[in-house]
>>> print(open('work11.txt').read())   # compact mmCIF, C-alpha atoms
# COMPACT_ATOMS: atom_id res chain seq x y z
CA MET A 201 74.59 -40.03 -40.35
CA ILE A 202 75.07 -43.01 -42.67
CA ARG A 203 72.01 -44.72 -41.20
CA LYS A 204 69.87 -41.61 -41.70
CA LEU A 205 71.08 -41.32 -45.28
CA SER A 206 70.30 -45.00 -45.86
CA ASP A 207 66.81 -44.55 -44.41
CA TRP A 208 66.26 -41.51 -46.65
CA PHE A 209 67.25 -43.43 -49.77
CA ARG A 210 65.04 -46.35 -48.72
CA HIS A 211 62.09 -44.01 -48.25
CA PHE A 212 62.85 -42.24 -51.53
CA PHE A 213 62.89 -45.44 -53.58
CA HIS A 214 59.76 -46.62 -51.80
CA VAL A 215 57.97 -43.45 -52.89
CA VAL A 216 59.40 -43.69 -56.41
CA SER A 217 58.25 -47.32 -56.73
CA ASN A 218 54.69 -46.32 -55.86
CA VAL A 219 54.50 -43.85 -58.76
CA ARG A 220 52.57 -45.36 -61.66
CA PRO A 221 54.66 -46.27 -64.77
CA LEU A 222 52.48 -44.04 -66.95
CA ALA A 223 53.57 -41.02 -64.90
CA TRP A 224 57.26 -41.76 -65.49
CA ILE A 225 56.69 -42.21 -69.23
CA GLY A 226 54.84 -38.90 -69.29
CA LEU A 227 57.73 -37.13 -67.55
CA TYR A 228 60.22 -38.85 -69.86
CA VAL A 229 58.38 -37.58 -72.95
CA LEU A 230 57.98 -34.13 -71.40
CA LEU A 231 61.75 -33.78 -71.10
CA VAL A 232 62.09 -33.77 -74.88
CA PRO A 233 60.44 -30.37 -75.60
CA VAL A 234 61.84 -28.87 -72.36
CA PHE A 235 65.43 -29.55 -73.37
CA ALA A 236 64.67 -28.56 -76.97
CA ILE A 237 63.69 -25.14 -75.65
CA ILE A 238 66.92 -24.95 -73.62
CA TYR A 239 69.01 -25.88 -76.69
CA ASN A 240 67.19 -23.24 -78.71
CA LEU A 241 68.05 -20.61 -76.10
CA LEU A 242 71.77 -21.39 -76.06
CA PRO A 243 73.98 -18.83 -77.83
CA ASP A 244 75.29 -19.50 -81.31
CA GLY A 245 78.49 -21.49 -81.64
CA GLN A 246 77.60 -24.03 -78.96
CA PHE A 247 76.93 -26.76 -81.56
CA ARG A 248 78.54 -27.98 -84.75
CA ILE A 249 75.71 -27.88 -87.26
CA PRO A 250 75.82 -30.33 -90.22
CA ASP A 251 75.83 -29.03 -93.77
CA GLY A 252 72.31 -28.05 -94.71
CA GLY A 253 71.21 -28.26 -91.05
CA THR A 254 68.97 -25.66 -89.45
CA THR A 255 68.74 -24.21 -85.97
CA ASP A 256 65.00 -23.86 -85.65
CA PHE A 257 62.96 -25.44 -82.83
CA GLY A 258 62.21 -28.54 -84.90
CA SER A 259 65.92 -29.26 -85.29
CA TRP A 260 66.49 -28.96 -81.52
CA LEU A 261 63.47 -31.17 -80.90
CA TYR A 262 65.09 -33.78 -83.13
CA TYR A 263 68.42 -33.40 -81.31
CA SER A 264 66.66 -33.71 -77.92
CA ILE A 265 65.00 -36.98 -78.99
CA VAL A 266 68.30 -38.39 -80.27
CA THR A 267 70.02 -37.36 -77.05
CA ILE A 268 67.49 -38.59 -74.49
CA THR A 269 67.24 -41.96 -76.24
CA THR A 270 71.09 -42.15 -76.28
CA LEU A 271 71.10 -42.79 -80.05
CA GLY A 272 73.75 -40.11 -80.65
CA PHE A 273 73.82 -39.93 -84.47
CA GLY A 274 76.55 -37.27 -84.32
CA ASP A 275 75.10 -34.91 -86.94
CA TYR A 276 74.51 -32.22 -84.28
CA THR A 277 77.51 -32.15 -81.95
CA PRO A 278 77.83 -30.04 -78.78
CA MET A 279 81.00 -27.97 -78.93
CA GLY A 280 80.64 -25.37 -76.19
CA GLY A 281 80.70 -26.09 -72.46
CA GLY A 282 77.07 -25.04 -71.99
CA ALA A 283 75.80 -27.35 -74.74
CA GLN A 284 77.87 -30.24 -73.46
CA ALA A 285 76.58 -29.73 -69.92
CA VAL A 286 72.92 -29.55 -70.98
CA THR A 287 73.35 -32.59 -73.22
CA ALA A 288 74.91 -34.56 -70.37
CA VAL A 289 72.09 -33.55 -68.03
CA GLU A 290 69.45 -34.66 -70.55
CA VAL A 291 71.13 -38.04 -71.04
CA MET A 292 71.30 -38.58 -67.26
CA CYS A 293 67.70 -37.49 -66.78
CA GLY A 294 66.58 -39.81 -69.57
CA LEU A 295 68.40 -42.79 -68.10
CA LEU A 296 67.15 -41.98 -64.59
CA PHE A 297 63.51 -41.60 -65.59
CA LEU A 298 63.68 -44.71 -67.73
CA GLY A 299 65.11 -46.60 -64.75
CA PHE A 300 62.32 -45.27 -62.52
CA PHE A 301 59.80 -46.42 -65.15
CA LEU A 302 61.19 -49.95 -65.23
CA ASN A 303 61.30 -50.04 -61.43
CA ALA A 304 57.66 -48.92 -61.28
CA VAL A 305 56.69 -51.61 -63.79
CA GLY A 306 58.41 -54.25 -61.66
CA SER A 307 56.74 -52.93 -58.52
CA MET A 308 53.33 -52.94 -60.19
CA LYS A 309 53.87 -56.49 -61.44
CA SER A 310 54.81 -57.62 -57.94
CA GLU A 311 51.68 -55.94 -56.59
CA ILE A 312 49.54 -57.69 -59.20
CA ASP A 313 51.19 -61.03 -58.39
CA VAL A 314 50.53 -60.55 -54.67
CA ARG A 315 46.89 -59.66 -55.29
CA SER A 316 46.49 -62.67 -57.58
CA GLU A 317 47.97 -64.95 -54.95
CA VAL A 318 45.74 -63.49 -52.24
CA GLU A 319 42.70 -63.99 -54.46
CA ARG A 320 43.79 -67.56 -55.26
CA GLN A 321 44.20 -68.34 -51.56
CA ARG A 322 40.79 -66.80 -50.85
CA LEU A 323 39.11 -68.95 -53.50
CA LEU A 324 40.86 -72.07 -52.19
CA HIS A 325 39.77 -71.23 -48.65
CA GLU A 326 36.17 -70.63 -49.70
CA ALA A 327 36.13 -73.89 -51.66
CA ALA A 328 37.51 -75.83 -48.70
CA GLU A 329 34.99 -74.29 -46.29
CA ARG A 330 32.15 -74.95 -48.71
CA SER A 331 33.23 -78.58 -49.00
CA LYS A 332 33.23 -78.94 -45.21
CA LEU A 333 29.82 -77.30 -44.95
CA GLU A 334 28.32 -79.48 -47.68
CA GLY A 335 29.51 -82.56 -45.78
CA MET A 336 27.67 -81.40 -42.65
CA ILE A 337 24.46 -80.19 -44.32
CA PRO A 338 22.52 -83.52 -44.25
CA SER A 339 22.98 -84.03 -40.50
CA VAL A 340 22.23 -80.36 -39.73
CA ILE A 341 19.03 -80.42 -41.78
CA SER A 342 17.98 -83.66 -40.07
CA ILE A 343 18.37 -82.06 -36.63
CA LEU A 344 16.49 -78.97 -37.79
CA ASN A 345 13.65 -81.14 -39.09
CA GLN A 346 13.41 -82.88 -35.74
CA PHE A 347 13.11 -79.51 -34.03
CA THR A 348 10.43 -78.17 -36.39
CA SER A 349 8.48 -81.42 -35.91
CA ALA A 350 8.70 -80.92 -32.15
CA VAL A 351 7.41 -77.36 -32.62
CA ASP A 352 4.47 -78.59 -34.69
CA LEU A 353 3.67 -81.15 -31.99
CA TYR A 354 3.86 -78.55 -29.25
CA LYS A 355 1.54 -76.22 -31.17
CA LYS A 356 -1.04 -79.03 -31.40
CA GLN A 357 -0.61 -80.21 -27.81
CA SER A 358 0.75 -77.53 -25.49
CA THR A 359 1.66 -79.99 -22.75
CA GLU A 360 4.59 -80.11 -20.38
CA THR A 361 5.83 -83.22 -22.12
CA GLY A 362 5.71 -81.42 -25.45
CA ARG A 363 7.58 -78.46 -24.00
CA ARG A 364 10.32 -80.69 -22.61
CA GLY A 365 10.65 -82.39 -25.98
CA LEU A 366 10.86 -78.97 -27.58
CA VAL A 367 13.60 -77.90 -25.19
CA LYS A 368 15.51 -81.13 -25.81
CA LYS A 369 15.35 -80.76 -29.59
CA GLY A 370 16.25 -77.08 -29.29
CA ALA A 371 19.34 -78.01 -27.29
CA ARG A 372 20.45 -80.37 -30.06
CA VAL A 373 19.96 -77.66 -32.68
CA SER A 374 21.82 -75.10 -30.56
CA LEU A 375 24.78 -77.44 -30.04
CA CYS A 376 24.75 -78.39 -33.74
CA LEU A 377 24.74 -74.79 -34.96
CA ASP A 378 27.37 -73.79 -32.40
CA GLY A 379 29.59 -76.63 -33.60
CA LEU A 380 28.93 -75.68 -37.21
CA GLN A 381 30.21 -72.16 -36.59
CA ASN A 382 33.31 -73.51 -34.85
CA ARG A 383 34.17 -76.04 -37.55
CA VAL A 384 33.35 -74.02 -40.68
CA ASP A 385 34.18 -70.43 -41.61
CA LEU A 386 30.71 -69.17 -42.53
CA SER A 387 31.81 -65.64 -43.46
CA GLN A 388 30.88 -66.20 -47.13
CA TRP A 389 27.28 -66.89 -46.06
CA PRO A 390 26.28 -63.88 -43.91
CA GLY A 391 22.64 -64.98 -43.76
CA LEU A 392 23.65 -68.36 -42.37
CA VAL A 393 25.88 -66.75 -39.75
CA GLU A 394 23.04 -64.49 -38.64
CA GLY A 395 20.60 -67.40 -38.48
CA CYS A 396 22.92 -69.58 -36.39
CA PHE A 397 23.68 -66.75 -34.00
CA THR A 398 20.01 -65.83 -33.65
CA PHE A 399 18.88 -69.38 -32.84
CA VAL A 400 21.65 -70.05 -30.33
CA ALA A 401 21.15 -66.69 -28.63
CA ASP A 402 17.36 -67.12 -28.42
CA TYR A 403 17.69 -70.62 -27.07
CA GLN A 404 20.20 -69.58 -24.41
CA LEU A 405 17.95 -66.69 -23.43
CA TYR A 406 14.95 -69.01 -23.20
CA ILE A 407 16.55 -71.69 -21.01
CA SER A 408 18.15 -69.05 -18.76
CA GLY A 409 14.69 -68.04 -17.59
CA ASP A 410 13.63 -68.69 -14.01
CA ASP A 411 12.21 -72.18 -13.56
CA ASP A 412 9.94 -70.90 -10.82
CA VAL A 413 8.05 -68.38 -12.93
CA ALA A 414 4.27 -68.58 -13.13
CA ASP A 415 2.68 -70.94 -15.63
CA ASP A 416 1.20 -68.10 -17.70
CA THR A 417 4.58 -66.36 -17.94
CA GLU A 418 6.27 -69.65 -18.82
CA ARG A 419 3.75 -70.39 -21.57
CA GLU A 420 4.21 -66.86 -22.95
CA SER A 421 7.99 -67.24 -22.92
CA THR A 422 7.76 -70.63 -24.65
CA SER A 423 5.39 -69.20 -27.25
CA ASP A 424 7.80 -66.36 -28.04
CA PHE A 425 10.69 -68.80 -28.34
CA VAL A 426 8.68 -71.12 -30.57
CA ASP A 427 7.68 -68.35 -32.97
CA ILE A 428 11.19 -66.96 -33.39
CA ALA A 429 13.11 -70.24 -33.30
CA TYR A 430 10.73 -71.93 -35.75
CA ARG A 431 11.16 -69.17 -38.36
CA THR A 432 14.92 -69.10 -37.80
CA ALA A 433 15.22 -72.89 -38.18
CA LEU A 434 13.23 -72.80 -41.43
CA ASN A 435 15.41 -69.97 -42.80
CA ILE A 436 18.59 -71.88 -41.93
CA GLU A 437 17.23 -75.02 -43.55
CA THR A 438 16.31 -73.10 -46.71
CA THR A 439 19.79 -71.56 -46.87
CA LEU A 440 21.52 -74.92 -46.40
CA THR A 441 19.33 -76.54 -49.04
CA SER A 442 20.16 -73.75 -51.47
CA ILE A 443 23.89 -74.16 -50.82
CA SER A 444 23.77 -77.92 -51.38
CA THR A 445 21.70 -77.72 -54.57
CA HIS A 446 23.49 -74.83 -56.27
CA PRO A 447 27.01 -75.55 -57.56
CA GLN A 448 29.76 -73.16 -56.65
CA GLY A 449 30.43 -70.51 -59.27
>>> encode(input="work11.txt", output="structure tokens")
Amino acid sequence: MIRKLSDWFRHFFHVVSNVRPLAWIGLYVLLVPVFAIIYNLLPDGQFRIPDGGTTDFGSWLYYSIVTITTLGFGDYTPMGGGAQAVTAVEVMCGLLFLGFFLNAVGSMKSEIDVRSEVERQRLLHEAAERSKLEGMIPSVISILNQFTSAVDLYKKQSTETGRRGLVKKGARVSLCLDGLQNRVDLSQWPGLVEGCFTFVADYQLYISGDDDVADDTERESTSDFVDIAYRTALNIETTLTSISTHPQG
């Protein structure tokens, strides 16, 4: 029973903490005219009215403000049991809602602090990954240039020697890009991630072909690989060059 009650209170305060502070202030202000109406409806004789005081709605609105803010000037004094009870309820409601407001403010501040810390950690992570990537860019571009040169040579001389050189350079690029993805979090550069994945996948698909296929089929497969891999390598090189030449901001 005690545990269930404790869980209920924990859930209750969790819900209360998630209410925006502006809502609690609105409810706090709303209590003023509500209790002023109740005071106005109480029978005569429930309050000691000061000399020259009135009992219109404006007077009860004033008394409600003085009561809920716990100022208690004492000019209007509850004498009857009903007036004393309503006054006590208003004071308790005012203190309770004000407490909920302060709790909501604290909860919102904690939420803002957490978000700020998460954003700070994200920026630090991105800066660290960018630094690692920038350190690897020269070697990656060099390997990409070697591959594109091998492609240009193969296009001029479609020989078996040229194809083997192309495959060898492609293997270096594939290993380089695979290592790049393992060493650097490239999530902040979606285009680079896509380019690396595309090249590695195309290369693996190309070399997994049957070595005993006919020459015409082999030349067609090589031509397809060359066209796609060449464009992909150029796109990756352009992206890396842009990253290295544009400061972070």
>>> residues_near_point(input="work11.txt", point="(77.8, -21.5, -75.8)", cutoff="6 Å", atoms="only C-alpha atoms", output="JSON, numbers by chain")
{"A": [243, 245, 246, 280, 282]}
>>> closest_residue(input="work11.txt", among="A:Cys376, A:Val351, A:Ile225, A:Leu386", to="A:Pro338", atoms="all atoms listed in the file")
A:Cys376
>>> closest_residue(input="work11.txt", among="A:Leu392, A:Ile237, A:Val215, A:Leu227", to="A:Ser307", atoms="all atoms listed in the file")
A:Val215
>>> atom_distance(input="work11.txt", atom1="atom CA of A:Leu242", atom2="atom CA of A:Val291")
17.4 Å
>>> residues_around(input="work11.txt", residues="A:Arg383", least_positions_apart="3", cutoff="12 Å", atoms="all atoms listed in the file", output="list of chain:residue names")
A:Ala328, A:Glu329, A:Arg330, A:Ser331, A:Lys332, A:Leu333, A:Gly335, A:Met336, A:Cys376, A:Leu377, A:Asp378, A:Gly379, A:Leu380, A:Leu386
>>> atom_distance(input="work11.txt", atom1="atom CA of A:Val232", atom2="atom CA of A:Leu261")
6.7 Å
>>> axis_aligned_box(input="work11.txt", around="stretch 323-341 of chain A", padding_each_side="5 Å", output="AutoDock Vina command-line options")
--center_x 29.9 --center_y -76.5 --center_z -46.6 --size_x 31.8 --size_y 25.1 --size_z 23.8
>>> closest_residue(input="work11.txt", among="A:Ser217, A:Ser259, A:Thr422, A:Thr287", to="A:Lys355", atoms="all atoms listed in the file")
A:Thr422
>>> atom_distance(input="work11.txt", atom1="atom CA of A:Ser423", atom2="atom CA of A:Glu437")
21.0 Å
>>> residues_around(input="work11.txt", residues="A:Gly395", least_positions_apart="2", cutoff="9 Å", atoms="all atoms listed in the file", output="short mmCIF file (atom, residue, chain, number, x, y, z; two decimals) with C-alpha atoms, in the coordinates of the input")
data_model
loop_
_atom_site.label_atom_id
_atom_site.label_comp_id
_atom_site.auth_asym_id
_atom_site.auth_seq_id
_atom_site.Cartn_x
_atom_site.Cartn_y
_atom_site.Cartn_z
CA PRO A 390 26.28 -63.88 -43.91
CA GLY A 391 22.64 -64.98 -43.76
CA LEU A 392 23.65 -68.36 -42.37
CA VAL A 393 25.88 -66.75 -39.75
CA PHE A 397 23.68 -66.75 -34.00
CA THR A 398 20.01 -65.83 -33.65
CA PHE A 399 18.88 -69.38 -32.84
CA VAL A 400 21.65 -70.05 -30.33
CA THR A 432 14.92 -69.10 -37.80
CA ALA A 433 15.22 -72.89 -38.18
CA ASN A 435 15.41 -69.97 -42.80
CA ILE A 436 18.59 -71.88 -41.93
#
>>> residues_around(input="work11.txt", residues="A:Tyr354", least_positions_apart="2", cutoff="10 Å", atoms="only C-alpha atoms", output="PyMOL selection string")
chain A and resi 348-352+356-366+422-423+426
